[in-house]
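Undergrad: Can you keep this structure in mind? I'll have questions shortly.
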Amino acid sequence: MGKGKKRGRSEPGSTIQPRNKYSDNPPDFASLASLYPSFKPFVFFSGGRARIDWTDYNATRELTRILLLHDHGVNWWIPDGQLCPTVPNRSNYINWINDLLSSEIIQSFGCGDETKVKGFDIGTGANCIYPLLGASLFRWTFVASDFTAVALEWAEKNVKSNLHISDLIEIRDSKVVPHFLEVENRESDKIILEEDDSKSSMGPAVLLGVVKENEMFDFCMSNPPFFETFEEAGLNPKTSCGGTPEEMVCNGGEQAFVTRIIEDSTVLRQRFRWYTSMLGKKATLKLLISKLWEVGVTVVKTTEFVQGQTSRWGIAWSFMPTARKIIAPPVAIKSVLSFMLEGIKRQYSALDVLQSVEEFFKCCGASCKLNSSTFSVDIVASNDQCNTISKNGTRDLDSVRSHGNDKQSLDGSSLQVPQDNLSFRILVFQQIPGSLLIKGSLQQKDSPLSGLFSVVFGSLEESMKSKFCR
Ligand SMILES: C[S@@+](CC[C@H](N)C(=O)[O-])C[C@H]1O[C@@H](n2cnc3c(N)ncnc32)[C@H](O)[C@@H]1O
């Protein structure tokens, strides 16, 4: 992993993951320096505040070591040059997975001990950071894979130097296993896995062949090599986190790596409740969301992790049946709703807003038909999609599949609307310069989901205002 989208300068501890303990409490370098003499030489005062030099690898590594020790009771080290994780950043992803597991969006396995969470960390690195955090924070158990000798050796060392959690983490080599193909065995009528020689140039296995027969997991996670070349990975002049080519680079970059997780997930399906990955580029997120719907997942969830100046994205999907249902509230239903967008930032036109309305609903899996001559978008959303839209509003682009309900009209004809869907039209009207009126009108008032219209429209309002208004 390496550089992501850069943001305006903020403190290294700032984050949007609310349960991350560092979100409101960035590490206090002065107090840590007084507690840990080994950290003291890396701390200096400037502008009345204690700081460290983020471009000094030894400083960032020592900070990670003492944060893991101080906040998590974890002993930890990595050899020179290996990717050094920042603890607040990695805590974001672990906390998001914890949120997913407690969300009840999808059904549980319904067998065995539901309180024991089992995770799979693809590419754990020498630092083994996710299993160490997951085990120490939540007592999750892990299989943690990697393929380089140095990662396997040091991940094992890091686990063994923490006796209180070492039983919870198994390090597994993914190098030695061949790639597999799903093949139909005509005699037994079953799907079997066969070695796939054609993919041998693609590197070590990801999940298929590493996951053992009959193993089930609550989730998998991965912080994949983001880049296609080491040059692309470059060096961020503002930080020094190390990172070898094996850690930072793979054939096809993050898109190819996560596509392989998706491909493996189409074979393993419900043996994992959640498949997840971190991403370094928002563009990759969009491509993968389309791919996921193509392969028939039931749910897609995404989020943005903001840490200091850098953004990362999380993507999660599942083949489990969805569990959560909304019951439409018994309220008097208004069939026309509106809000004003005022003080619109200069660079945005009415068309940008219209397209953003379409994107807002599309990202939640709803069918949309944009008409740029009438400045309107026709939307059809299922119960689950309304639920996703109303629950997540501005930040997450979440999607829940609507079963057997592909309504996207490509030929300009009207959308087919099954009775149990919510169908509405959003119109954008130009008012005085810098102001737009957004109007929503319900198309089928007798739908059982009509009561959700105001909630869904409220979510749209929240999202559009935060995006377009000063
Ligand atoms: C960006 S590093 C992430 C390390 C650690 N998880 C972290 O977040 O700091 C990616 C890791 O994936 C490993 N890797 C690459 N391809 C892999 C594969 N097919 N199976 C397992 N690990 C792999 C690399 O060796 C490297 O350690």
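Convention: chains lettered A, B, ... in structure tokens order; per-chain residue numbering from 1; ligands numbered from 1 as shown.
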Enumerate, in order of chain and increasing residue number, the residues of segment 247-337 of chain A with an atom no farther than 12 Å from segment 217-225 of chain A, each with its shortest atom pair and distance in Å to one decimal, counting only C-alpha atoms, as CSV.

TA:
residue,atom,partner,partner_atom,distance
A:Glu247,CA,A:Pro225,CA,5.7
A:Met248,CA,A:Pro225,CA,4.3
A:Val249,CA,A:Pro225,CA,4.9
A:Cys250,CA,A:Pro225,CA,5.9
A:Asn251,CA,A:Pro225,CA,9.3
A:Gly252,CA,A:Pro225,CA,9.7
A:Gly253,CA,A:Pro225,CA,6.5
A:Glu254,CA,A:Pro225,CA,6.0
A:Gln255,CA,A:Pro224,CA,9.3
A:Ala256,CA,A:Pro224,CA,9.9
A:Phe257,CA,A:Pro224,CA,6.8
A:Val258,CA,A:Pro224,CA,7.6
A:Thr259,CA,A:Pro224,CA,11.2
A:Arg260,CA,A:Pro224,CA,11.1
A:Ile261,CA,A:Ser222,CA,9.3
A:Ile262,CA,A:Cys220,CA,11.4
A:Asp264,CA,A:Cys220,CA,11.6
A:Ser265,CA,A:Cys220,CA,10.1
A:Leu268,CA,A:Phe217,CA,10.4
A:Arg269,CA,A:Phe217,CA,10.8
A:Gln270,CA,A:Phe217,CA,9.0
A:Arg271,CA,A:Phe217,CA,6.2
A:Phe272,CA,A:Phe217,CA,4.7
A:Arg273,CA,A:Asp218,CA,4.9
A:Trp274,CA,A:Phe219,CA,4.5
A:Tyr275,CA,A:Cys220,CA,5.1
A:Thr276,CA,A:Met221,CA,4.9
A:Ser277,CA,A:Ser222,CA,4.7
A:Met278,CA,A:Asn223,CA,5.2
A:Leu279,CA,A:Asn223,CA,7.2
A:Gly280,CA,A:Pro224,CA,9.0
A:Lys281,CA,A:Pro224,CA,11.8
A:Arg312,CA,A:Asn223,CA,10.1
A:Trp313,CA,A:Asn223,CA,10.4
A:Gly314,CA,A:Asn223,CA,9.6
A:Ile315,CA,A:Met221,CA,9.6
A:Ala316,CA,A:Met221,CA,8.9
A:Trp317,CA,A:Phe219,CA,9.8
A:Ser318,CA,A:Phe219,CA,9.4
A:Phe319,CA,A:Phe219,CA,11.8
A:Met320,CA,A:Asp218,CA,11.0

Undergrad: Which of segment 341-391 of chain A counts as strand (DSSP E) under DSSP, as a PyMOL selection string please?

TA: chain A and resi 341+367-371+376-381

Undergrad: Show me which residues line ligand 1, defined as having an atom within 7 Å of a ligand atom where only C-alpha atoms and all ligand atoms count, and present them as a ChimeraX atom specification.

TA: /A:1,83-85,90,122-130,145-148,151,174-175,203-206,222-226,246-248,250

Undergrad: If you run DSSP over the backbone, which residues in segment 69-98 of chain A end up alpha helix (DSSP H)? Put them as an MDAnalysis selection string.

TA: chainID A and resid 69:72 87:98

Undergrad: Find, counting only C-alpha atoms, the residue in A:Val353, A:Leu152, A:Val377, A:Leu207 that gets nearest to Phe120 of chain A.

TA: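 Answer, going by the shortest atom-to-atom distance: A:Leu207.
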
Undergrad: Nearest to Cys241 of chain A among A:Ser463, A:Ser382, A:Thr86, A:Asn421, with distances taken over only C-alpha atoms: which residue is it?

TA: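 Of the candidates, the smallest distance to Cys241 of chain A is held by A:Thr86.
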
Undergrad: Which of these residues is nearest to Lys334 of chain A, using only C-alpha atoms: A:Ser108, A:Thr302, A:Asn383, A:Gln443?

TA: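 Answer, going by the shortest atom-to-atom distance: A:Gln443.
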
Undergrad: Atom CA of Asn89 of chain A and atom CA of Gln307 of chain A, how far apart in Å?

TA: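 Atom CA of Asn89 of chain A lies 6.0 Å from atom CA of Gln307 of chain A.
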
Undergrad: Could you check how far atom CA of Phe142 of chain A sits from atom CA of Val299 of chain A, in Å to one decimal?

TA: 23.4 Å

Undergrad: Write out as a ChimeraX atom specification each polymer residue whose atoms come within 10 Å of segment 64-79 of chain A, counting only C-alpha atoms; drop sequence neighbours fewer than 6 positions from it.

TA: /A:21,27,32-33,35-36,38-39,58,85-88,125-129,132-133,135-137,150-151,154-155,157-165

Undergrad: Based on the selection just made, write C-alpha atoms of those residues as an mmCIF file, in the first residue's frame.

TA:
data_model
loop_
_atom_site.group_PDB
_atom_site.id
_atom_site.type_symbol
_atom_site.label_atom_id
_atom_site.label_comp_id
_atom_site.auth_asym_id
_atom_site.auth_seq_id
_atom_site.Cartn_x
_atom_site.Cartn_y
_atom_site.Cartn_z
ATOM 1 C CA LYS A 21 -10.108 5.222 19.521
ATOM 2 C CA PRO A 27 -1.557 10.183 19.817
ATOM 3 C CA LEU A 32 4.358 9.058 24.959
ATOM 4 C CA ALA A 33 7.930 10.403 24.908
ATOM 5 C CA LEU A 35 6.655 7.258 29.112
ATOM 6 C CA TYR A 36 8.898 5.603 26.504
ATOM 7 C CA SER A 38 13.189 4.954 23.202
ATOM 8 C CA PHE A 39 10.631 7.250 21.534
ATOM 9 C CA ASN A 58 12.811 4.910 12.346
ATOM 10 C CA PRO A 85 1.679 0.413 9.292
ATOM 11 C CA THR A 86 0.231 3.434 11.033
ATOM 12 C CA VAL A 87 -1.928 2.198 13.912
ATOM 13 C CA PRO A 88 -4.786 4.757 13.568
ATOM 14 C CA GLY A 125 2.892 -8.720 5.885
ATOM 15 C CA ALA A 126 5.829 -8.896 8.288
ATOM 16 C CA ASN A 127 3.865 -6.503 10.480
ATOM 17 C CA CYS A 128 0.826 -8.820 10.896
ATOM 18 C CA ILE A 129 -1.012 -5.705 12.025
ATOM 19 C CA LEU A 132 -2.695 -8.381 16.162
ATOM 20 C CA LEU A 133 -5.274 -5.590 16.380
ATOM 21 C CA ALA A 135 -7.179 -10.394 18.364
ATOM 22 C CA SER A 136 -6.208 -7.850 21.015
ATOM 23 C CA LEU A 137 -9.249 -5.583 20.572
ATOM 24 C CA VAL A 150 10.425 -12.371 5.408
ATOM 25 C CA ALA A 151 6.697 -11.700 5.919
ATOM 26 C CA TRP A 154 8.277 -11.898 11.031
ATOM 27 C CA ALA A 155 4.517 -12.346 11.189
ATOM 28 C CA LYS A 157 7.661 -13.754 15.382
ATOM 29 C CA ASN A 158 5.150 -11.006 16.069
ATOM 30 C CA VAL A 159 2.488 -13.553 16.971
ATOM 31 C CA LYS A 160 4.825 -15.577 19.212
ATOM 32 C CA SER A 161 5.946 -12.526 21.159
ATOM 33 C CA ASN A 162 2.336 -12.009 22.281
ATOM 34 C CA LEU A 163 1.468 -15.081 24.308
ATOM 35 C CA HIS A 164 -1.892 -13.663 25.404
ATOM 36 C CA ILE A 165 -3.198 -13.806 21.805
#

Undergrad: Tell me, in Å to one decimal, how far atom CA of Glu462 of chain A is from atom CA of Asn20 of chain A.

TA: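 For atom CA of Glu462 of chain A relative to atom CA of Asn20 of chain A, the distance reads 24.2 Å.
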
Undergrad: Using only C-alpha atoms, pick whichever of A:Ser423, A:Thr115, A:Gln355, A:Gln347 has the shortest atom-to-atom distance to Asp378 of chain A.

TA: A:Ser423
